[in-house]
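The data block below is protein.pdb; it holds PDB, C-alpha atoms.
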```pdb
ATOM      1  CA  MET A 282     170.651 188.910  12.922
ATOM      2  CA  PRO A 283     171.907 188.782  16.552
ATOM      3  CA  HIS A 284     175.275 190.413  17.251
ATOM      4  CA  GLU A 285     176.820 187.136  18.398
ATOM      5  CA  THR A 286     175.914 185.512  15.075
ATOM      6  CA  THR A 287     177.540 188.416  13.217
ATOM      7  CA  LEU A 288     180.708 187.926  15.273
ATOM      8  CA  ILE A 289     180.709 184.198  14.559
ATOM      9  CA  VAL A 290     180.309 184.858  10.819
ATOM     10  CA  LEU A 291     183.253 187.292  10.971
ATOM     11  CA  LEU A 292     185.362 184.710  12.812
ATOM     12  CA  VAL A 293     184.416 182.081  10.224
ATOM     13  CA  LEU A 294     185.424 184.409   7.369
ATOM     14  CA  LEU A 295     188.693 185.331   9.121
ATOM     15  CA  SER A 296     189.449 181.631   9.572
ATOM     16  CA  ALA A 297     188.695 180.983   5.897
ATOM     17  CA  ALA A 298     191.067 183.831   4.945
ATOM     18  CA  LEU A 299     193.863 182.353   7.114
ATOM     19  CA  VAL A 300     193.287 178.931   5.573
ATOM     20  CA  GLY A 301     193.419 180.617   2.171
ATOM     21  CA  VAL A 302     196.883 182.004   2.990
ATOM     22  CA  LEU A 303     198.092 178.475   3.783
ATOM     23  CA  VAL A 304     196.542 177.058   0.615
ATOM     24  CA  ALA A 305     198.245 179.732  -1.488
ATOM     25  CA  ARG A 306     201.597 179.491   0.323
ATOM     26  CA  PRO A 307     201.892 175.998   1.888
ATOM     27  CA  GLY A 308     205.661 176.464   2.076
ATOM     28  CA  ILE A 309     205.319 178.760   5.097
ATOM     29  CA  THR A 310     204.485 175.730   7.254
ATOM     30  CA  GLU A 311     208.154 174.782   7.153
ATOM     31  CA  THR A 312     208.991 177.539   9.629
ATOM     32  CA  ARG A 313     208.043 177.373  13.298
ATOM     33  CA  GLY A 314     205.673 180.330  12.963
ATOM     34  CA  GLY A 315     204.098 178.714   9.913
ATOM     35  CA  LYS A 316     203.524 175.492  11.837
ATOM     36  CA  ILE A 317     201.761 177.405  14.610
ATOM     37  CA  LEU A 318     199.664 179.234  12.015
ATOM     38  CA  ALA A 319     198.789 175.925  10.339
ATOM     39  CA  PHE A 320     197.692 174.427  13.653
ATOM     40  CA  LEU A 321     195.528 177.450  14.398
ATOM     41  CA  ALA A 322     194.038 177.821  10.911
ATOM     42  CA  LEU A 323     193.625 174.168   9.975
ATOM     43  CA  PHE A 324     192.675 172.678  13.318
ATOM     44  CA  PHE A 325     191.841 175.016  16.173
ATOM     45  CA  LEU A 326     189.851 177.738  14.392
ATOM     46  CA  PRO A 327     187.684 175.414  12.235
ATOM     47  CA  ILE A 328     186.709 173.391  15.314
ATOM     48  CA  LEU A 329     186.029 176.582  17.280
ATOM     49  CA  CYS A 330     183.954 178.012  14.408
ATOM     50  CA  GLY A 331     182.043 174.754  14.002
ATOM     51  CA  ALA A 332     181.254 174.551  17.727
ATOM     52  CA  MET A 333     180.227 178.213  18.019
ATOM     53  CA  GLY A 334     178.189 178.017  14.834
ATOM     54  CA  LEU A 335     176.444 174.862  15.967
ATOM     55  CA  SER A 336     175.607 176.450  19.305
ATOM     56  CA  SER A 337     174.212 179.511  17.523
ATOM     57  CA  GLU A 338     172.193 177.363  15.103
ATOM     58  CA  MET A 339     170.833 175.255  17.958
ATOM     59  CA  ASP A 340     169.716 178.383  19.806
ATOM     60  CA  ARG A 341     168.087 179.751  16.658
ATOM     61  CA  SER A 342     166.351 176.448  15.973
ATOM     62  CA  LYS A 343     164.515 176.868  19.287
ATOM     63  CA  THR A 344     162.905 180.152  18.309
ATOM     64  CA  THR A 345     159.228 180.549  17.487
ATOM     65  CA  ALA A 346     160.149 182.339  14.238
ATOM     66  CA  PHE A 347     162.264 179.368  13.169
ATOM     67  CA  CYS A 348     159.423 176.865  13.761
ATOM     68  CA  LEU A 349     156.900 179.084  12.017
ATOM     69  CA  SER A 350     159.141 179.723   9.005
ATOM     70  CA  CYS A 351     157.709 176.583   7.373
ATOM     71  CA  HIS A 352     154.450 177.246   5.567
ATOM     72  CA  THR A 353     152.859 174.172   7.188
ATOM     73  CA  MET A 354     153.274 175.715  10.635
ATOM     74  CA  GLU A 355     151.627 179.049   9.831
ATOM     75  CA  ALA A 356     148.266 177.935  11.184
ATOM     76  CA  TYR A 357     149.903 176.897  14.450
ATOM     77  CA  GLY A 358     151.506 180.331  14.701
ATOM     78  CA  LYS A 359     148.119 181.947  14.156
ATOM     79  CA  SER A 360     146.609 179.787  16.884
ATOM     80  CA  LEU A 361     148.918 181.474  19.387
ATOM     81  CA  HIS A 362     146.949 184.687  18.837
ATOM     82  CA  ILE A 363     143.458 183.302  19.442
ATOM     83  CA  ASP A 364     141.581 185.503  21.896
ATOM     84  CA  ASP A 365     140.381 182.823  24.296
ATOM     85  CA  PRO A 366     141.853 182.201  27.757
ATOM     86  CA  GLY A 367     140.709 178.569  27.594
ATOM     87  CA  HIS A 368     142.893 178.014  24.561
ATOM     88  CA  ILE A 369     146.031 176.613  26.163
ATOM     89  CA  PRO A 370     148.776 177.567  23.659
ATOM     90  CA  ALA A 371     147.335 181.054  23.131
ATOM     91  CA  ALA A 372     146.955 181.731  26.867
ATOM     92  CA  HIS A 373     150.522 180.586  27.518
ATOM     93  CA  PHE A 374     151.941 182.616  24.634
ATOM     94  CA  GLN A 375     149.993 185.827  25.245
ATOM     95  CA  ASN A 376     150.579 185.861  29.017
ATOM     96  CA  HIS A 377     154.266 184.957  28.713
ATOM     97  CA  ARG A 378     153.818 181.736  30.664
ATOM     98  CA  VAL A 379     156.285 180.502  28.091
ATOM     99  CA  PRO A 380     158.958 182.769  26.562
ATOM    100  CA  PRO A 381     157.171 184.143  23.456
ATOM    101  CA  THR A 382     160.362 183.900  21.426
ATOM    102  CA  GLU A 383     160.657 180.174  22.192
ATOM    103  CA  ALA A 384     156.995 179.279  22.572
ATOM    104  CA  CYS A 385     156.909 176.134  20.406
ATOM    105  CA  TYR A 386     160.100 174.663  21.797
ATOM    106  CA  THR A 387     159.221 175.313  25.448
ATOM    107  CA  CYS A 388     156.099 173.141  25.309
ATOM    108  CA  HIS A 389     157.186 170.637  22.690
ATOM    109  CA  GLU A 390     160.604 169.896  24.115
ATOM    110  CA  ASP A 391     161.035 166.482  25.636
ATOM    111  CA  TYR A 392     162.075 167.318  29.209
ATOM    112  CA  ALA A 393     164.008 164.110  29.624
ATOM    113  CA  MET A 394     167.578 163.010  29.049
ATOM    114  CA  PHE A 395     168.666 163.826  25.463
ATOM    115  CA  GLY A 396     165.282 165.544  24.985
ATOM    116  CA  THR A 397     166.766 168.348  22.919
ATOM    117  CA  LEU A 398     168.544 165.856  20.664
ATOM    118  CA  LYS A 399     165.329 163.853  20.277
ATOM    119  CA  VAL A 400     163.255 166.866  19.221
ATOM    120  CA  LYS A 401     165.982 168.042  16.850
ATOM    121  CA  LEU A 402     166.022 164.606  15.185
ATOM    122  CA  HIS A 403     162.260 164.890  14.803
ATOM    123  CA  GLY A 404     162.872 168.342  13.327
ATOM    124  CA  LEU A 405     165.281 166.893  10.755
ATOM    125  CA  ARG A 406     162.543 164.484   9.718
ATOM    126  CA  HIS A 407     160.117 167.402   9.397
ATOM    127  CA  VAL A 408     162.576 169.232   7.129
ATOM    128  CA  TYR A 409     162.980 166.107   5.006
ATOM    129  CA  VAL A 410     159.209 165.721   4.629
ATOM    130  CA  TYR A 411     158.796 169.444   3.946
ATOM    131  CA  TYR A 412     161.338 169.536   1.090
ATOM    132  CA  PHE A 413     161.283 165.983  -0.297
ATOM    133  CA  GLY A 414     157.951 164.521   0.783
ATOM    134  CA  THR A 415     154.349 165.559   0.967
ATOM    135  CA  PRO A 416     153.739 167.673   4.051
ATOM    136  CA  PRO A 417     150.399 166.897   5.690
ATOM    137  CA  ALA A 418     147.685 169.533   5.936
ATOM    138  CA  PRO A 419     148.103 171.528   9.169
ATOM    139  CA  GLU A 420     144.944 170.048  10.685
ATOM    140  CA  ASP A 421     146.211 166.511  10.003
ATOM    141  CA  ILE A 422     149.495 166.941  11.881
ATOM    142  CA  LYS A 423     149.656 164.681  14.913
ATOM    143  CA  LEU A 424     152.171 164.371  17.731
ATOM    144  CA  TYR A 425     154.473 161.352  17.639
ATOM    145  CA  GLN A 426     153.186 160.365  21.076
ATOM    146  CA  PRO A 427     150.368 161.692  23.255
ATOM    147  CA  PHE A 428     151.486 164.889  25.004
ATOM    148  CA  ASN A 429     153.252 163.901  28.209
ATOM    149  CA  ASN A 430     152.230 165.736  31.402
ATOM    150  CA  ARG A 431     155.946 165.917  32.227
ATOM    151  CA  GLU A 432     156.232 168.832  29.788
ATOM    152  CA  CYS A 433     153.489 170.775  31.664
ATOM    153  CA  LEU A 434     154.787 169.792  35.089
ATOM    154  CA  HIS A 435     158.249 171.056  34.213
ATOM    155  CA  CYS A 436     156.859 174.524  35.012
ATOM    156  CA  HIS A 437     153.591 173.890  36.878
ATOM    157  CA  LEU A 438     154.734 171.323  39.418
ATOM    158  CA  GLY A 439     154.871 172.972  42.824
ATOM    159  CA  ALA A 440     153.042 176.083  41.645
ATOM    160  CA  ARG A 441     150.236 177.166  43.972
ATOM    161  CA  SER A 442     147.697 177.419  41.168
ATOM    162  CA  PHE A 443     148.445 173.845  40.192
ATOM    163  CA  GLU A 444     148.877 172.207  43.597
ATOM    164  CA  GLN A 445     145.976 174.001  45.287
ATOM    165  CA  GLY A 446     143.651 174.673  42.351
ATOM    166  CA  ALA A 447     140.008 173.990  43.245
ATOM    167  CA  VAL A 448     139.435 171.509  40.426
ATOM    168  CA  HIS A 449     142.790 169.797  40.962
ATOM    169  CA  THR A 450     142.090 169.186  44.664
ATOM    170  CA  ALA A 451     138.359 168.383  44.441
ATOM    171  CA  ASP A 452     139.172 164.704  44.080
ATOM    172  CA  PRO A 453     142.254 163.554  46.035
ATOM    173  CA  ALA A 454     143.031 161.077  43.253
ATOM    174  CA  THR A 455     143.350 163.763  40.584
ATOM    175  CA  LEU A 456     146.757 165.260  41.370
ATOM    176  CA  PRO A 457     148.577 161.919  41.809
ATOM    177  CA  ALA A 458     147.053 160.715  38.529
ATOM    178  CA  VAL A 459     148.150 163.885  36.739
ATOM    179  CA  LYS A 460     151.649 163.716  38.224
ATOM    180  CA  SER A 461     152.072 160.104  37.170
ATOM    181  CA  ASN A 462     150.810 160.909  33.661
ATOM    182  CA  GLN A 463     147.861 158.528  34.084
ATOM    183  CA  LEU A 464     145.408 161.381  33.661
ATOM    184  CA  SER A 465     146.313 163.745  30.844
ATOM    185  CA  CYS A 466     146.202 167.482  31.485
ATOM    186  CA  MET A 467     144.433 167.662  28.139
ATOM    187  CA  SER A 468     141.675 165.222  29.100
ATOM    188  CA  SER A 469     138.171 166.026  28.044
ATOM    189  CA  GLY A 470     136.691 168.621  30.371
ATOM    190  CA  CYS A 471     140.123 169.810  31.547
ATOM    191  CA  HIS A 472     142.618 171.724  29.374
ATOM    192  CA  GLU A 473     141.400 170.084  26.196
ATOM    193  CA  VAL A 474     141.479 173.020  23.776
ATOM    194  CA  VAL A 475     144.949 173.050  22.290
ATOM    195  CA  HIS A 476     145.818 174.433  18.853
ATOM    196  CA  ASP A 477     142.323 173.735  17.474
ATOM    197  CA  ILE A 478     143.394 174.224  13.861
ATOM    198  CA  PRO A 479     140.092 173.054  12.280
ATOM    199  CA  ASN A 480     138.227 175.955  13.946
ATOM    200  CA  LEU A 481     140.851 178.605  13.234
ATOM    201  CA  LYS A 482     138.764 180.295  10.537
ATOM    202  CA  THR A 483     135.972 181.126  12.975
ATOM    203  CA  ALA A 484     138.256 182.107  15.875
ATOM    204  CA  LYS A 485     138.565 185.623  17.239
ATOM    205  CA  PHE A 486     142.128 186.910  17.380
ATOM    206  CA  TRP A 487     143.979 189.029  19.901
ATOM    207  CA  LYS A 488     145.825 192.008  18.450
ATOM    208  CA  GLU A 489     149.158 192.537  20.106
ATOM    209  CA  SER A 490     149.740 196.222  20.964
ATOM    210  CA  GLN A 491     152.941 197.640  19.533
TER     211      GLN A 491
ATOM    212  CA  MET B 250     211.487 171.929  -1.962
ATOM    213  CA  THR B 251     211.997 168.232  -1.064
ATOM    214  CA  ALA B 252     209.580 165.455  -2.071
ATOM    215  CA  ARG B 253     208.546 165.124   1.581
ATOM    216  CA  ALA B 254     207.762 168.798   1.890
ATOM    217  CA  ASN B 255     205.985 168.702  -1.452
ATOM    218  CA  SER B 256     203.685 165.876  -0.408
ATOM    219  CA  MET B 257     202.917 167.603   2.892
ATOM    220  CA  ALA B 258     202.210 170.863   1.094
ATOM    221  CA  LYS B 259     199.746 169.089  -1.182
ATOM    222  CA  ARG B 260     197.944 167.545   1.776
ATOM    223  CA  ILE B 261     197.812 170.918   3.507
ATOM    224  CA  GLN B 262     196.319 172.415   0.354
ATOM    225  CA  VAL B 263     193.693 169.659   0.154
ATOM    226  CA  ALA B 264     192.860 170.130   3.846
ATOM    227  CA  GLY B 265     192.700 173.886   3.316
ATOM    228  CA  ILE B 266     190.352 173.649   0.354
ATOM    229  CA  LEU B 267     188.033 171.326   2.286
ATOM    230  CA  LEU B 268     188.125 173.680   5.275
ATOM    231  CA  ILE B 269     187.464 176.772   3.156
ATOM    232  CA  ALA B 270     184.463 175.015   1.583
ATOM    233  CA  GLY B 271     183.171 174.007   5.032
ATOM    234  CA  LEU B 272     183.718 177.454   6.521
ATOM    235  CA  LEU B 273     182.019 179.234   3.624
ATOM    236  CA  ILE B 274     179.037 176.865   3.830
ATOM    237  CA  GLU B 275     178.820 177.537   7.574
ATOM    238  CA  ALA B 276     179.027 181.306   7.069
ATOM    239  CA  LEU B 277     176.229 181.221   4.478
ATOM    240  CA  CYS B 278     174.070 178.998   6.672
ATOM    241  CA  LEU B 279     174.565 181.295   9.663
ATOM    242  CA  LEU B 280     173.226 184.162   7.537
ATOM    243  CA  GLY B 281     170.088 182.178   6.639
ATOM    244  CA  ALA B 282     167.401 181.594   9.229
ATOM    245  CA  ARG B 283     165.426 178.747   7.724
ATOM    246  CA  PRO B 284     165.402 175.107   8.821
ATOM    247  CA  ILE B 285     167.170 174.034   5.622
ATOM    248  CA  SER B 286     170.125 176.252   6.662
ATOM    249  CA  PHE B 287     170.387 174.274   9.891
ATOM    250  CA  VAL B 288     170.425 170.979   7.991
ATOM    251  CA  ILE B 289     173.033 172.161   5.468
ATOM    252  CA  PHE B 290     175.132 173.648   8.300
ATOM    253  CA  VAL B 291     175.255 170.346  10.143
ATOM    254  CA  ALA B 292     175.396 167.965   7.170
ATOM    255  CA  ALA B 293     177.502 169.687   4.501
ATOM    256  CA  GLY B 294     179.433 172.236   6.599
ATOM    257  CA  GLY B 295     180.167 169.720   9.332
ATOM    258  CA  LEU B 296     181.271 167.089   6.821
ATOM    259  CA  PHE B 297     183.689 169.414   5.003
ATOM    260  CA  LEU B 298     185.172 170.699   8.265
ATOM    261  CA  PHE B 299     185.572 167.174   9.610
ATOM    262  CA  ALA B 300     187.200 166.000   6.365
ATOM    263  CA  GLY B 301     189.537 169.023   6.306
ATOM    264  CA  VAL B 302     190.684 168.528   9.895
ATOM    265  CA  VAL B 303     191.181 164.787   9.319
ATOM    266  CA  VAL B 304     193.282 165.417   6.173
ATOM    267  CA  PHE B 305     195.375 167.982   8.102
ATOM    268  CA  LEU B 306     195.943 165.577  10.998
ATOM    269  CA  PHE B 307     196.741 162.805   8.532
ATOM    270  CA  SER B 308     199.310 165.052   6.871
ATOM    271  CA  LEU B 309     201.003 165.461  10.274
ATOM    272  CA  VAL B 310     201.084 161.804  11.246
ATOM    273  CA  SER B 311     202.079 160.615   7.786
ATOM    274  CA  ALA B 312     205.007 163.039   7.524
ATOM    275  CA  ARG B 313     208.259 161.064   7.629
ATOM    276  CA  PRO B 314     210.877 162.401  10.050
ATOM    277  CA  VAL B 315     213.796 164.239   8.474
ATOM    278  CA  SER B 316     216.954 162.110   8.615
ATOM    279  CA  ASP B 317     220.178 163.854   9.568
TER     280      ASP B 317
END
```
Mind turning the file's structure into C-alpha cells?
Amino acid sequence: MPHETTLIVLLVLLSAALVGVLVARPGITETRGGKILAFLALFFLPILCGAMGLSSEMDRSKTTAFCLSCHTMEAYGKSLHIDDPGHIPAAHFQNHRVPPTEACYTCHEDYAMFGTLKVKLHGLRHVYVYYFGTPPAPEDIKLYQPFNNRECLHCHLGARSFEQGAVHTADPATLPAVKSNQLSCMSSGCHEVVHDIPNLKTAKFWKESQ
Amino acid sequence: MTARANSMAKRIQVAGILLIAGLLIEALCLLGARPISFVIFVAAGGLFLFAGVVVFLFSLVSARPVSD
C-alpha cells in the first residue's frame, strides 16, 4: 500500500475517533472549544478525508494492477507480455511507450473533456456486470466505440516517427486522414494487431528480467 | 441540560454515528485494492459521509437562539 494511502487511512481513523468523542460526550459542544471541535470533526475532517480518499481511489483505479484484478481481464494482461513488436499493446507496454503501471488507462482513456469521468462510469458498469451479471468471455469483449485515433495522437502527434514515417508519408492523403480519424490507426495492413486474445494460447511471451 | 441542548445533542450523535460509519467504510475500502472497494467507497462511504454532514449542518440551522 502506498505511503500516502496509509496516511489517509490514519487520518480517517483519527477523524472517526474524534467523532466518537463527540458522540459519547455531545455536551462538550456547548463550550466554545467544543463547538470548534464539532466543526472540525463533523464537517471539515470528513470532507477532507472523503476528498483525499476519493483522489487516492481515483489514482489507484488507473493502475494496470487494478484493471487486471478482475478475472475477465487476465487474458488482456497476458497479452501485454506477447513477444512480438508488431503487437501494439505489448510493444507499448514492454518499451514503456506508456507508463507500465498505468498501461490500460493510458490507451483506453478518453482524451476529451470529462474523459476520465466517462471511462470511470464505464468502469462502474463493468463492475456491475462482473458481480451481478454474466461477464462475457475475454475474446468476446468489444469496445463501446471503435478506437479513436485521438487516443494514439495524444502522444504520437508531432513525433518524428509519426509525422515523417515512411509509410505515413508515402501517400500525402494518409496523415490528414489519420489525424481526422477518417483512417483508423488500426486499419488492416497498418497497426491492426491489438490484444489478439483468440491467438493468445499460441503466442510466444516475453519474460521480464527481474 | 435544556430541551434545546438535548435535541441538538441527539442530532450531533446521529450525525456522528453516520460519519463514523462512513469513515470506517472509507478506511476499509482504502485498504482493499479491488474495483468493488472503489464502488463501495464512492456509493456507501460517500452516502454516509454526506448524510452525516447534512445532519450536522441541519442541527446548526435548526437550533433555536437562546433567549435572554
Chain B residues within 10 Å of chain A, counting only C-alpha atoms: which ones, as an NGL selection string?
:B and (250 or 254-255 or 257-288 or 290-291 or 294-295 or 298-299 or 301-306)
Would you save the residues of that selection, restricted to C-alpha atoms, as a PDB file, in the coordinates of the input?
```pdb
ATOM      1  CA  MET B 250     211.487 171.929  -1.962  1.00  0.00           C
ATOM      2  CA  ALA B 254     207.762 168.798   1.890  1.00  0.00           C
ATOM      3  CA  ASN B 255     205.985 168.702  -1.452  1.00  0.00           C
ATOM      4  CA  MET B 257     202.917 167.603   2.892  1.00  0.00           C
ATOM      5  CA  ALA B 258     202.210 170.863   1.094  1.00  0.00           C
ATOM      6  CA  LYS B 259     199.746 169.089  -1.182  1.00  0.00           C
ATOM      7  CA  ARG B 260     197.944 167.545   1.776  1.00  0.00           C
ATOM      8  CA  ILE B 261     197.812 170.918   3.507  1.00  0.00           C
ATOM      9  CA  GLN B 262     196.319 172.415   0.354  1.00  0.00           C
ATOM     10  CA  VAL B 263     193.693 169.659   0.154  1.00  0.00           C
ATOM     11  CA  ALA B 264     192.860 170.130   3.846  1.00  0.00           C
ATOM     12  CA  GLY B 265     192.700 173.886   3.316  1.00  0.00           C
ATOM     13  CA  ILE B 266     190.352 173.649   0.354  1.00  0.00           C
ATOM     14  CA  LEU B 267     188.033 171.326   2.286  1.00  0.00           C
ATOM     15  CA  LEU B 268     188.125 173.680   5.275  1.00  0.00           C
ATOM     16  CA  ILE B 269     187.464 176.772   3.156  1.00  0.00           C
ATOM     17  CA  ALA B 270     184.463 175.015   1.583  1.00  0.00           C
ATOM     18  CA  GLY B 271     183.171 174.007   5.032  1.00  0.00           C
ATOM     19  CA  LEU B 272     183.718 177.454   6.521  1.00  0.00           C
ATOM     20  CA  LEU B 273     182.019 179.234   3.624  1.00  0.00           C
ATOM     21  CA  ILE B 274     179.037 176.865   3.830  1.00  0.00           C
ATOM     22  CA  GLU B 275     178.820 177.537   7.574  1.00  0.00           C
ATOM     23  CA  ALA B 276     179.027 181.306   7.069  1.00  0.00           C
ATOM     24  CA  LEU B 277     176.229 181.221   4.478  1.00  0.00           C
ATOM     25  CA  CYS B 278     174.070 178.998   6.672  1.00  0.00           C
ATOM     26  CA  LEU B 279     174.565 181.295   9.663  1.00  0.00           C
ATOM     27  CA  LEU B 280     173.226 184.162   7.537  1.00  0.00           C
ATOM     28  CA  GLY B 281     170.088 182.178   6.639  1.00  0.00           C
ATOM     29  CA  ALA B 282     167.401 181.594   9.229  1.00  0.00           C
ATOM     30  CA  ARG B 283     165.426 178.747   7.724  1.00  0.00           C
ATOM     31  CA  PRO B 284     165.402 175.107   8.821  1.00  0.00           C
ATOM     32  CA  ILE B 285     167.170 174.034   5.622  1.00  0.00           C
ATOM     33  CA  SER B 286     170.125 176.252   6.662  1.00  0.00           C
ATOM     34  CA  PHE B 287     170.387 174.274   9.891  1.00  0.00           C
ATOM     35  CA  VAL B 288     170.425 170.979   7.991  1.00  0.00           C
ATOM     36  CA  PHE B 290     175.132 173.648   8.300  1.00  0.00           C
ATOM     37  CA  VAL B 291     175.255 170.346  10.143  1.00  0.00           C
ATOM     38  CA  GLY B 294     179.433 172.236   6.599  1.00  0.00           C
ATOM     39  CA  GLY B 295     180.167 169.720   9.332  1.00  0.00           C
ATOM     40  CA  LEU B 298     185.172 170.699   8.265  1.00  0.00           C
ATOM     41  CA  PHE B 299     185.572 167.174   9.610  1.00  0.00           C
ATOM     42  CA  GLY B 301     189.537 169.023   6.306  1.00  0.00           C
ATOM     43  CA  VAL B 302     190.684 168.528   9.895  1.00  0.00           C
ATOM     44  CA  VAL B 303     191.181 164.787   9.319  1.00  0.00           C
ATOM     45  CA  VAL B 304     193.282 165.417   6.173  1.00  0.00           C
ATOM     46  CA  PHE B 305     195.375 167.982   8.102  1.00  0.00           C
ATOM     47  CA  LEU B 306     195.943 165.577  10.998  1.00  0.00           C
TER      48      LEU B 306
END
```
re CA of His377 (chain A) and CA of His449 (chain A): distance 22.6 Å
State, in Å with one decimal place, the distance from CA of Pro366 (chain A) to CA of Glu489 (chain A).
14.8 Å
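If you look at CA of His284 (chain A) and CA of Leu398 (chain A), they are 25.7 Å away from each other.
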Quick one: 8 Å padding each side, axis-aligned, all listed atoms of region 427-444 of chain A - centre and edge lengths in Å to one decimal, as JSON?
```
{"center_x": 153.0, "center_y": 169.6, "center_z": 33.6, "size_x": 26.6, "size_y": 31.7, "size_z": 36.7}
```
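Comparing A:His476, A:Lys359, A:His368, A:Lys460 by their smallest distance to Asn430 (chain A), the closest is A:Lys460 (using only C-alpha atoms).
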